[in-house]
Structures are given as structure tokens and as C-alpha cells.
file upload_35.txt (compact mmCIF, C-alpha atoms (C1' of nucleotides))
# COMPACT_ATOMS: atom_id res chain seq x y z
CA MET A 1 60.68 36.91 103.41
CA PRO A 2 61.88 37.26 99.97
CA GLU A 3 63.39 35.27 97.20
CA LEU A 4 64.24 36.72 93.82
CA PRO A 5 60.64 37.28 92.63
CA GLU A 6 59.70 39.12 95.82
CA VAL A 7 62.80 41.32 95.72
CA GLU A 8 62.15 42.11 92.06
CA THR A 9 58.57 43.00 92.96
CA VAL A 10 59.82 45.29 95.73
CA ARG A 11 62.23 46.90 93.26
CA ARG A 12 59.44 47.59 90.79
CA GLY A 13 57.24 48.99 93.51
CA LEU A 14 59.90 51.37 94.81
CA GLN A 15 61.26 52.44 91.44
CA PRO A 16 58.65 55.09 90.54
CA VAL A 17 58.98 56.67 93.97
CA MET A 18 62.74 56.49 94.41
CA GLU A 19 64.33 56.96 91.02
CA GLY A 20 65.14 60.62 90.46
CA ALA A 21 64.32 61.53 94.05
CA ARG A 22 66.69 63.32 96.40
CA ILE A 23 67.31 61.85 99.83
CA THR A 24 66.81 64.72 102.27
CA LYS A 25 67.26 62.72 105.46
CA VAL A 26 67.93 59.16 106.59
CA GLU A 27 66.59 58.18 109.99
CA GLN A 28 68.61 55.22 111.20
CA ARG A 29 66.87 54.06 114.34
CA ARG A 30 69.32 51.44 115.54
CA ALA A 31 73.00 50.74 115.17
CA ASP A 32 72.58 47.35 113.54
CA LEU A 33 70.27 44.95 111.83
CA ARG A 34 71.87 41.58 111.22
CA PHE A 35 75.18 43.44 110.90
CA PRO A 36 76.16 46.92 112.03
CA PHE A 37 75.32 49.67 109.58
CA PRO A 38 78.46 50.91 107.82
CA ALA A 39 80.19 53.87 109.45
CA GLY A 40 78.77 57.17 108.22
CA PHE A 41 75.80 55.39 106.66
CA SER A 42 73.23 58.16 106.80
CA ASP A 43 75.76 60.94 106.13
CA ARG A 44 76.81 59.23 102.94
CA LEU A 45 73.21 59.13 101.69
CA ASN A 46 71.96 62.53 102.80
CA GLY A 47 71.50 64.97 99.93
CA ARG A 48 72.18 62.42 97.19
CA TYR A 49 69.96 61.82 94.18
CA ILE A 50 68.87 58.27 93.42
CA THR A 51 69.78 57.48 89.84
CA ALA A 52 68.61 53.88 89.53
CA LEU A 53 67.10 50.95 91.41
CA ALA A 54 68.56 47.60 90.43
CA ARG A 55 68.67 44.04 91.73
CA ARG A 56 71.22 41.23 91.86
CA ALA A 57 70.03 37.90 93.25
CA LYS A 58 68.13 38.82 96.44
CA TYR A 59 69.91 42.14 96.82
CA LEU A 60 68.27 45.47 96.11
CA LEU A 61 70.78 48.00 94.73
CA VAL A 62 70.13 51.73 95.10
CA HIS A 63 72.46 53.71 92.85
CA LEU A 64 73.29 57.28 93.86
CA ASP A 65 74.55 60.22 91.84
CA ASP A 66 77.97 60.26 93.51
CA GLY A 67 78.76 56.67 92.55
CA ALA A 68 77.76 55.13 95.86
CA VAL A 69 75.46 52.11 95.91
CA LEU A 70 73.24 51.14 98.82
CA ILE A 71 73.03 47.35 99.01
CA SER A 72 69.95 46.10 100.84
CA HIS A 73 69.03 42.53 101.75
CA LEU A 74 65.60 41.82 103.25
CA GLY A 75 66.54 38.65 105.13
CA MET A 76 63.46 36.66 106.15
CA SER A 77 61.13 39.40 107.30
CA GLY A 78 62.28 42.69 105.79
CA SER A 79 59.91 44.90 103.82
CA PHE A 80 59.67 48.42 102.50
CA ARG A 81 56.58 50.56 102.56
CA ILE A 82 55.92 53.91 100.99
CA GLU A 83 54.20 56.77 102.74
CA GLU A 84 53.16 59.83 100.79
CA GLY A 85 51.47 62.96 102.01
CA GLY A 86 51.67 61.72 105.57
CA VAL A 87 49.37 58.77 104.84
CA SER A 88 50.39 55.15 104.45
CA ALA A 89 50.08 53.75 100.95
CA ARG A 90 48.94 50.47 102.40
CA PRO A 91 45.29 49.64 102.02
CA GLY A 92 43.29 49.62 105.22
CA ALA A 93 42.92 45.86 105.28
CA PHE A 94 46.59 45.46 106.08
CA GLN A 95 46.89 48.33 108.52
CA HIS A 96 48.34 47.12 111.78
CA PRO A 97 47.97 49.09 114.97
CA ARG A 98 50.32 52.00 114.64
CA SER A 99 52.57 51.12 117.56
CA LYS A 100 53.02 47.53 116.49
CA GLU A 101 53.82 48.50 112.94
CA GLU A 102 56.34 51.13 113.89
CA ARG A 103 58.18 49.06 116.46
CA HIS A 104 60.25 47.42 113.74
CA ASP A 105 60.64 50.42 111.46
CA HIS A 106 64.43 50.59 111.46
CA VAL A 107 65.27 52.99 108.66
CA VAL A 108 63.26 55.87 107.20
CA PHE A 109 64.38 57.44 103.92
CA HIS A 110 62.90 60.91 103.49
CA LEU A 111 62.62 61.75 99.80
CA GLU A 112 61.96 64.92 97.88
CA ARG A 113 60.72 64.70 94.31
CA ARG A 114 60.35 67.44 91.73
CA GLU A 115 56.97 66.34 90.40
CA THR A 116 55.21 64.51 93.17
CA GLY A 117 56.53 66.09 96.33
CA LEU A 118 57.59 64.46 99.57
CA ALA A 119 57.57 60.77 100.39
CA ARG A 120 59.05 58.42 102.91
CA VAL A 121 60.34 54.93 102.22
CA ILE A 122 60.41 52.89 105.40
CA TYR A 123 62.35 49.70 106.04
CA ASN A 124 60.63 47.38 108.49
CA ASP A 125 62.16 44.10 109.65
CA PRO A 126 60.87 42.29 112.78
CA ARG A 127 63.50 39.56 112.78
CA ARG A 128 66.36 41.81 111.69
CA PHE A 129 67.94 39.18 109.46
CA GLY A 130 68.17 41.84 106.77
CA PHE A 131 71.10 44.22 106.41
CA MET A 132 72.36 47.24 104.51
CA ALA A 133 75.80 47.99 103.14
CA LEU A 134 77.50 50.60 100.98
CA ALA A 135 79.60 50.01 97.89
CA GLU A 136 81.07 51.97 95.02
CA ALA A 137 79.44 51.45 91.63
CA ALA A 138 82.85 51.12 90.00
CA ASP A 139 83.64 47.93 91.91
CA LEU A 140 80.17 46.73 92.73
CA GLN A 141 80.66 43.32 91.11
CA SER A 142 83.74 42.63 93.22
CA HIS A 143 82.06 43.64 96.49
CA PRO A 144 82.25 40.72 98.93
CA LEU A 145 78.46 40.45 99.10
CA LEU A 146 78.07 40.12 95.34
CA ALA A 147 81.33 38.64 94.09
CA GLY A 148 80.51 34.98 94.60
CA LEU A 149 76.94 35.00 93.35
CA GLY A 150 75.93 32.50 90.68
CA VAL A 151 73.94 32.88 87.50
CA GLU A 152 70.67 34.83 87.46
CA PRO A 153 67.74 32.54 86.63
CA THR A 154 65.99 35.27 84.65
CA GLY A 155 67.65 35.98 81.26
CA ASN A 156 69.09 33.42 78.87
CA ALA A 157 72.31 32.44 80.60
CA LEU A 158 70.91 29.55 82.63
CA ASP A 159 70.67 26.43 80.49
CA GLY A 160 71.14 22.72 81.01
CA ALA A 161 74.82 22.65 80.13
CA LEU A 162 75.69 25.51 82.46
CA LEU A 163 73.65 24.00 85.30
CA ALA A 164 75.28 20.61 84.81
CA GLY A 165 78.70 22.24 85.09
CA LEU A 166 77.72 24.04 88.27
CA LEU A 167 76.46 20.85 89.91
CA ALA A 168 79.38 18.66 88.86
CA GLY A 169 81.26 17.05 91.71
CA LYS A 170 78.71 18.00 94.36
CA ARG A 171 77.64 15.16 96.61
CA ALA A 172 75.12 17.35 98.41
CA PRO A 173 71.42 16.75 97.80
CA LEU A 174 70.11 18.60 94.75
CA LYS A 175 67.86 20.71 96.99
CA ALA A 176 70.83 21.94 99.05
CA ALA A 177 72.90 22.69 95.95
CA LEU A 178 70.13 24.84 94.49
CA MET A 179 69.77 26.78 97.74
CA ASP A 180 73.46 27.75 97.44
CA GLN A 181 73.55 31.31 96.08
CA ARG A 182 76.90 30.61 94.41
CA VAL A 183 75.18 28.18 92.03
CA VAL A 184 71.97 29.88 90.93
CA ALA A 185 71.49 33.29 92.52
CA GLY A 186 68.16 34.26 94.00
CA LEU A 187 66.51 30.89 94.58
CA GLY A 188 65.14 30.14 98.04
CA ASN A 189 63.09 27.49 99.74
CA ILE A 190 59.82 28.06 97.90
CA TYR A 191 61.10 28.29 94.36
CA VAL A 192 63.61 25.47 94.70
CA CYS A 193 60.78 23.18 95.82
CA GLU A 194 58.52 24.38 93.02
CA ALA A 195 61.20 24.06 90.34
CA LEU A 196 62.14 20.52 91.42
CA TRP A 197 58.49 19.50 91.28
CA ARG A 198 58.07 20.99 87.83
CA ALA A 199 61.19 19.18 86.63
CA GLY A 200 60.06 15.90 88.20
CA LEU A 201 63.31 15.57 90.14
CA SER A 202 63.73 14.39 93.72
CA PRO A 203 65.20 16.93 96.13
CA ARG A 204 67.18 14.04 97.65
CA ARG A 205 69.04 12.99 94.53
CA THR A 206 72.67 14.06 94.49
CA ALA A 207 73.49 17.25 92.65
CA ALA A 208 76.16 15.45 90.66
CA SER A 209 73.56 13.09 89.20
CA LEU A 210 72.61 15.89 86.83
CA ALA A 211 76.17 16.44 85.74
CA GLY A 212 77.08 13.13 84.13
CA THR A 213 77.94 12.82 80.47
CA GLY A 214 75.13 10.41 79.74
CA GLY A 215 71.96 11.37 77.90
CA ARG A 216 69.87 10.95 81.04
CA ALA A 217 71.86 13.48 83.06
CA THR A 218 71.86 15.92 80.15
CA GLU A 219 68.12 15.59 79.79
CA ARG A 220 67.58 16.13 83.54
CA SER A 221 69.79 19.20 83.77
CA LYS A 222 68.02 20.70 80.77
CA ARG A 223 64.63 20.01 82.32
CA LEU A 224 65.67 21.56 85.62
CA ALA A 225 67.17 24.68 84.05
CA GLU A 226 63.95 25.22 82.13
CA ALA A 227 61.82 24.58 85.21
CA ILE A 228 63.78 27.12 87.25
CA ARG A 229 63.45 29.77 84.59
CA ILE A 230 59.74 29.17 84.10
CA VAL A 231 58.92 29.15 87.82
CA ILE A 232 60.93 32.31 88.49
CA ASN A 233 59.53 34.17 85.51
CA GLU A 234 55.95 33.20 86.37
CA ALA A 235 56.45 34.25 89.98
CA VAL A 236 57.89 37.62 88.95
CA ALA A 237 54.93 38.13 86.62
CA ALA A 238 52.57 37.32 89.50
CA GLY A 239 54.20 39.88 91.77
CA GLY A 240 55.88 37.24 93.93
CA SER A 241 54.30 35.24 96.73
CA SER A 242 52.57 36.79 99.72
CA LEU A 243 52.87 34.63 102.83
CA ARG A 244 51.33 35.70 106.09
CA ASP A 245 51.01 39.47 106.09
CA TYR A 246 53.68 40.24 103.53
CA VAL A 247 52.65 43.03 101.16
CA GLN A 248 54.46 44.83 98.38
CA ALA A 249 55.85 48.31 98.72
CA ASP A 250 52.67 49.79 97.28
CA GLY A 251 50.46 47.74 99.58
CA SER A 252 49.22 45.16 97.09
CA LEU A 253 49.60 41.41 97.45
CA GLY A 254 51.53 39.07 95.20
CA TYR A 255 49.48 36.09 94.16
CA PHE A 256 51.94 33.36 93.20
CA GLN A 257 51.17 31.59 96.48
CA HIS A 258 47.89 30.47 94.92
CA ARG A 259 49.91 28.63 92.29
CA PHE A 260 52.12 26.60 94.65
CA ASN A 261 52.18 22.98 93.58
CA VAL A 262 54.16 21.64 96.54
CA TYR A 263 55.22 24.38 98.94
CA ASP A 264 53.25 24.18 102.21
CA ARG A 265 50.98 21.49 100.69
CA ALA A 266 52.02 18.49 102.81
CA GLY A 267 49.29 15.84 102.82
CA GLU A 268 47.54 17.25 99.79
CA PRO A 269 47.33 15.47 96.44
CA CYS A 270 50.01 16.02 93.82
CA ARG A 271 48.73 18.22 91.04
CA LYS A 272 50.73 16.60 88.29
CA GLU A 273 48.41 15.15 85.69
CA GLY A 274 47.93 11.44 86.22
CA CYS A 275 49.96 11.38 89.44
CA SER A 276 48.33 9.87 92.52
CA GLY A 277 51.06 10.96 94.93
CA ILE A 278 50.61 12.87 98.19
CA ILE A 279 52.88 15.83 98.86
CA ARG A 280 55.31 15.17 101.68
CA ARG A 281 57.32 17.43 103.94
CA ILE A 282 60.86 16.38 104.76
CA VAL A 283 63.70 18.28 106.41
CA GLN A 284 66.95 18.97 104.57
CA GLY A 285 69.65 21.16 106.00
CA GLY A 286 67.27 22.20 108.75
CA ARG A 287 64.70 23.57 106.29
CA SER A 288 61.42 22.12 105.09
CA THR A 289 61.36 20.52 101.68
CA PHE A 290 58.03 19.77 100.02
CA HIS A 291 57.94 17.19 97.25
CA CYS A 292 55.92 14.43 95.61
CA PRO A 293 57.59 11.09 96.27
CA VAL A 294 55.77 9.53 93.31
CA CYS A 295 56.53 11.77 90.34
CA GLN A 296 59.77 13.36 91.56
CA ARG A 297 62.54 10.82 91.03
C1' DA B 1 87.27 22.56 98.81
C1' DC B 2 83.46 20.38 100.24
C1' DT B 3 79.30 19.33 103.67
C1' DA B 4 76.55 19.58 107.95
C1' DC B 5 74.99 21.98 111.66
C1' DT B 6 74.11 25.93 114.77
C1' DC B 7 72.73 30.36 115.42
C1' DC B 8 70.92 35.09 114.76
C1' DC B 9 65.62 37.38 115.99
C1' DT B 10 60.62 38.03 116.54
C1' DG B 11 55.92 36.57 115.68
C1' DC B 12 52.44 33.30 115.10
C1' DC B 13 49.96 29.10 115.63
C1' DA B 14 48.65 24.55 117.37
C1' DG B 15 48.27 21.95 121.31
C1' DC B 16 47.93 21.35 126.08
C1' DT C 1 43.15 32.47 129.18
C1' DG C 2 47.89 31.37 129.28
C1' DC C 3 52.15 28.82 128.43
C1' DT C 4 55.43 25.91 125.34
C1' DG C 5 57.38 24.20 121.40
C1' DG C 6 57.90 24.34 116.66
C1' DC C 7 58.08 26.75 112.59
C1' DA C 8 58.93 30.76 109.23
C1' DG C 9 60.61 33.31 102.43
C1' DG C 10 68.11 33.64 104.63
C1' DG C 11 72.70 32.96 105.16
C1' DA C 12 77.10 33.62 107.98
C1' DG C 13 80.18 31.11 110.81
C1' DT C 14 82.34 27.01 112.43
C1' DA C 15 83.89 22.36 112.72
C1' DG C 16 84.96 18.20 110.62

call {"tool": "encode", "arguments": {"input": "upload_35.txt", "output": "C-alpha cells"}}
result
Amino acid sequence: MPELPEVETVRRGLQPVMEGARITKVEQRRADLRFPFPAGFSDRLNGRYITALARRAKYLLVHLDDGAVLISHLGMSGSFRIEEGGVSARPGAFQHPRSKEERHDHVVFHLERRETGLARVIYNDPRRFGFMALAEAADLQSHPLLAGLGVEPTGNALDGALLAGLLAGKRAPLKAALMDQRVVAGLGNIYVCEALWRAGLSPRRTAASLAGTGGRATERSKRLAEAIRIVINEAVAAGGSSLRDYVQADGSLGYFQHRFNVYDRAGEPCRKEGCSGIIRRIVQGGRSTFHCPVCQR
DNA sequence: ACTACTCCCTGCCAGC
DNA sequence: TGCTGGCAGGGAGTAG
């Protein structure tokens, strides 16, 4: 499911429910998701207070009062939902038949809160590409899952010069390089396609073509860095993208999908002003890439 | 150190 | 109605 904007939206949805709450019980309904749960997973969480909900790249980070950190990745199809007072927080329109919904509920966090009482936060993941791990806050940044991650595209760190340096020497297609979490952390298939369109750059051009010393390369890397930041920030502001039946933790839908310029628009006209191109779907690295062959060069 | 490719898993949809 | 194949927001592992 989620790229950075969706994970950030999940984080914001869970924050008011989880921060400050005590975990009274963790129901772990299977031994593994993509990977086995760490040994003693639920025991380590039981009784702990949640001090903060954070995010790094596509990872959700649940900080606990004893210095432990629950690292959660949603894979392709993971989602959290909140249930309070025994009733789902999801609006009726998205209510699946109970049995179908619950079949892929893999972890249930039972929470107790001073002000607002009991709640459950439920992790559901049909494809089980998601996973959970435990770390210590003191060495969170050096944890194997997080250590190699690249620059966050939110914030001010990502600029043309930095991006050019990251892409230098790479003969891979620009699309593939941007999908690599060690370069820019948190981008996925949708937002890479959207950012390349916004920057007017072909997904097939080599990554290194943005890293040269010439004025052209400098101008391209600057354009792309700006495009990435704008697309990601706009998507976060829109609450992410809701494909298929994906909903946020509080049951509402993101709406960035209505602003896609290329993703899933094969055969439709390019929306760039003055461009007469038709959006095409190609396959790179086994994944769909959507682009305009006319204005993306 | 790169790059390319396969695989993990379930659900959904188009086409027959 | 089925069935089949292809596709899906990710990324680890392996081989070259």
C-alpha cells in the first residue's frame, strides 16, 4: 500500500489514540508476517506506555517508555484501523463483511487511556508483505532496517546538489534509482512517476545524467529535487492516495489519487500545458512506470 | 559495488 | 457462472 505520504497519514491518524496510552495486551495472531515476529514480541510491549509516534521513510516508529521502539512496515497491503467502544471507527460505506475483514487481522493492540478509555488498534495485512521489529531508541539509527536509508524528501535537506551526488555513477534508469530507498527514502512507484512527470524527465534516462558538472545536469537535478519535495508535500497535505479500498486509520480517504498526472493514466492525454502527448505505461524492473513520452525527456 | 531478476502473498478484474 | 492470467502502493535475496 503505502509510500511516505500514506505512512505519514497513518501516523497522524494513530497519534491521538496511541500517544500516552498504555498497552494492556497485544494479540499476535500468527508467528510471522513477511518475517517472523521478534522473540518475546508481545511480552516486550505489554504494560508499556507509548511516548511518541514517529516515522522514518516508510517505517512507522512507536516509541515506548522503557526505551523500546516498535518498527512497523506496511508492505503493499498493510493498514491499521482503530476501534473504540467496541465499534469500528470506519464509516459504514467501507465496512466489509465481518469475517472477511477479520481474516487478515494479524495483530491487535489493546490500549487503555486516561481520558478517553479503551481502544484497540488493529493491524490488517492481506498479503503479509508488512513486518514488525523491535529496536532500542538509543541505537535506532543504526538498526539494520534504518541504517542505510537515504534523505527524507520532506524538510530542507533534499536539494539539487545533494541529489546529483546521490545519483552520480549510477547507470541504472532514473526511475530505478529513485525507487532505491538508500537514495531518497520513502518514495515508491506512484510518487516517483509523479515527480518525474513534474520535473519533465524521462524515467528511462540514466541516473548519472543528472550528476554531470554541466549546467544542464545541474538544472535537471535541481528541478527533480524540487519536484520530489512538492509532490510529497502535496500528497501528505492531501492525506495520501487511496487506491482500491485503502482507508486511513480513522476511516477517511486520502484524495491525492484525484491529482495523479500520470500514475494509472495510460492512454489518457498528458495534462502538461501545451503538451499533446498520451500517457504511456512501460515496465521497468518488473514494475509499471507511467510517463509522457513527449514532455518527459 | 553495481544491476537485473525472482519471489514472497492474497485479492481483484478483465477476458474467455 | 466459473476459470485463468495479469496486475497491485514493497523490498529482500541471489546471481552475474

call {"tool": "closest_atom_pairs", "arguments": {"input": "upload_35.txt", "of": "chain A", "to": "chain C", "cutoff": "10 Å", "atoms": "only C-alpha atoms (C1' of nucleotides)", "output": "JSON lines"}}
result
{"residue": "A:Met1", "atom": "CA", "partner": "C:DG9", "partner_atom": "C1'", "distance": 3.7}
{"residue": "A:Pro2", "atom": "CA", "partner": "C:DG9", "partner_atom": "C1'", "distance": 4.8}
{"residue": "A:Glu3", "atom": "CA", "partner": "C:DG9", "partner_atom": "C1'", "distance": 6.2}
{"residue": "A:Leu4", "atom": "CA", "partner": "C:DG9", "partner_atom": "C1'", "distance": 9.9}
{"residue": "A:Glu6", "atom": "CA", "partner": "C:DG9", "partner_atom": "C1'", "distance": 8.8}
{"residue": "A:Lys58", "atom": "CA", "partner": "C:DG10", "partner_atom": "C1'", "distance": 9.7}
{"residue": "A:His73", "atom": "CA", "partner": "C:DG10", "partner_atom": "C1'", "distance": 9.4}
{"residue": "A:Leu74", "atom": "CA", "partner": "C:DG10", "partner_atom": "C1'", "distance": 8.7}
{"residue": "A:Gly75", "atom": "CA", "partner": "C:DG10", "partner_atom": "C1'", "distance": 5.3}
{"residue": "A:Met76", "atom": "CA", "partner": "C:DG10", "partner_atom": "C1'", "distance": 5.7}
{"residue": "A:Ser77", "atom": "CA", "partner": "C:DG9", "partner_atom": "C1'", "distance": 7.8}
{"residue": "A:Phe129", "atom": "CA", "partner": "C:DG10", "partner_atom": "C1'", "distance": 7.4}
{"residue": "A:Gly130", "atom": "CA", "partner": "C:DG10", "partner_atom": "C1'", "distance": 8.5}
{"residue": "A:Met179", "atom": "CA", "partner": "C:DG10", "partner_atom": "C1'", "distance": 9.9}
{"residue": "A:Asp180", "atom": "CA", "partner": "C:DG11", "partner_atom": "C1'", "distance": 9.3}
{"residue": "A:Gln181", "atom": "CA", "partner": "C:DG11", "partner_atom": "C1'", "distance": 9.3}
{"residue": "A:Gly188", "atom": "CA", "partner": "C:DG9", "partner_atom": "C1'", "distance": 7.1}
{"residue": "A:Asn189", "atom": "CA", "partner": "C:DG9", "partner_atom": "C1'", "distance": 6.9}
{"residue": "A:Ile190", "atom": "CA", "partner": "C:DG9", "partner_atom": "C1'", "distance": 7.0}
{"residue": "A:Tyr191", "atom": "CA", "partner": "C:DG9", "partner_atom": "C1'", "distance": 9.5}
{"residue": "A:Ser241", "atom": "CA", "partner": "C:DG9", "partner_atom": "C1'", "distance": 8.7}
{"residue": "A:Ser242", "atom": "CA", "partner": "C:DG9", "partner_atom": "C1'", "distance": 9.2}
{"residue": "A:Leu243", "atom": "CA", "partner": "C:DG9", "partner_atom": "C1'", "distance": 7.9}
{"residue": "A:Arg244", "atom": "CA", "partner": "C:DA8", "partner_atom": "C1'", "distance": 9.6}
{"residue": "A:Tyr246", "atom": "CA", "partner": "C:DG9", "partner_atom": "C1'", "distance": 9.9}
{"residue": "A:Arg287", "atom": "CA", "partner": "C:DC7", "partner_atom": "C1'", "distance": 9.7}
{"residue": "A:Ser288", "atom": "CA", "partner": "C:DC7", "partner_atom": "C1'", "distance": 9.4}

call {"tool": "interface_residues", "arguments": {"input": "upload_35.txt", "of": "chain A", "to": "chain B", "cutoff": "8 Å", "atoms": "all atoms listed in the file", "output": "PyMOL selection string"}}
result
chain A and resi 34+126-129+170+172+285

call {"tool": "residues_near_point", "arguments": {"input": "upload_35.txt", "point": "(68.5, 23.7, 87.1)", "cutoff": "10 Å", "atoms": "all atoms listed in the file", "output": "count of residues only"}}
result
31

call {"tool": "atom_distance", "arguments": {"input": "upload_35.txt", "atom1": "atom CA of A:Asn261", "atom2": "atom CA of A:Ser209"}}
result
24.0 Å

call {"tool": "atom_distance", "arguments": {"input": "upload_35.txt", "atom1": "atom CA of A:Phe131", "atom2": "atom CA of A:Leu60"}}
result
10.8 Å

call {"tool": "atom_distance", "arguments": {"input": "upload_35.txt", "atom1": "atom CA of A:Arg56", "atom2": "atom CA of A:His104"}}
result
25.2 Å

call {"tool": "closest_residue", "arguments": {"input": "upload_35.txt", "among": "A:Thr218, A:Thr213, A:Gln284, A:Thr289", "to": "A:Glu194", "atoms": "all atoms listed in the file"}}
result
A:Thr289

call {"tool": "build_atoms", "arguments": {"input": "upload_35.txt", "residues": "stretch 176-191 of chain A", "atoms": "N, CA and C atoms", "output": "CSV table (one decimal), in the frame of the given file"}}
result
chain,number,residue,atom,x,y,z
A,176,ALA,N,69.8,21.1,98.4
A,176,ALA,CA,70.8,21.9,99.0
A,176,ALA,C,71.7,22.7,98.0
A,177,ALA,N,72.1,22.0,97.0
A,177,ALA,CA,72.9,22.7,96.0
A,177,ALA,C,72.2,23.9,95.3
A,178,LEU,N,70.9,23.7,95.1
A,178,LEU,CA,70.1,24.8,94.5
A,178,LEU,C,69.9,26.0,95.4
A,179,MET,N,69.9,25.7,96.7
A,179,MET,CA,69.8,26.8,97.7
A,179,MET,C,71.1,27.6,97.9
A,180,ASP,N,72.2,27.1,97.4
A,180,ASP,CA,73.5,27.8,97.4
A,180,ASP,C,73.5,28.9,96.4
A,181,GLN,N,73.6,30.1,97.0
A,181,GLN,CA,73.6,31.3,96.1
A,181,GLN,C,74.7,31.4,95.1
A,182,ARG,N,75.8,30.6,95.3
A,182,ARG,CA,76.9,30.6,94.4
A,182,ARG,C,76.6,29.8,93.2
A,183,VAL,N,75.5,29.0,93.2
A,183,VAL,CA,75.2,28.2,92.0
A,183,VAL,C,74.2,29.0,91.2
A,184,VAL,N,73.0,29.0,91.6
A,184,VAL,CA,72.0,29.9,90.9
A,184,VAL,C,71.6,30.9,91.9
A,185,ALA,N,71.7,32.2,91.6
A,185,ALA,CA,71.5,33.3,92.5
A,185,ALA,C,70.0,33.7,92.6
A,186,GLY,N,69.5,33.7,93.8
A,186,GLY,CA,68.2,34.3,94.0
A,186,GLY,C,67.1,33.2,94.3
A,187,LEU,N,67.5,31.9,94.2
A,187,LEU,CA,66.5,30.9,94.6
A,187,LEU,C,66.5,30.7,96.1
A,188,GLY,N,65.3,30.4,96.6
A,188,GLY,CA,65.1,30.1,98.0
A,188,GLY,C,64.3,28.9,98.2
A,189,ASN,N,63.8,28.7,99.4
A,189,ASN,CA,63.1,27.5,99.7
A,189,ASN,C,61.8,27.2,98.9
A,190,ILE,N,61.1,28.3,98.7
A,190,ILE,CA,59.8,28.1,97.9
A,190,ILE,C,60.1,27.7,96.5
A,191,TYR,N,60.9,28.5,95.8
A,191,TYR,CA,61.1,28.3,94.4
A,191,TYR,C,62.0,27.1,94.0
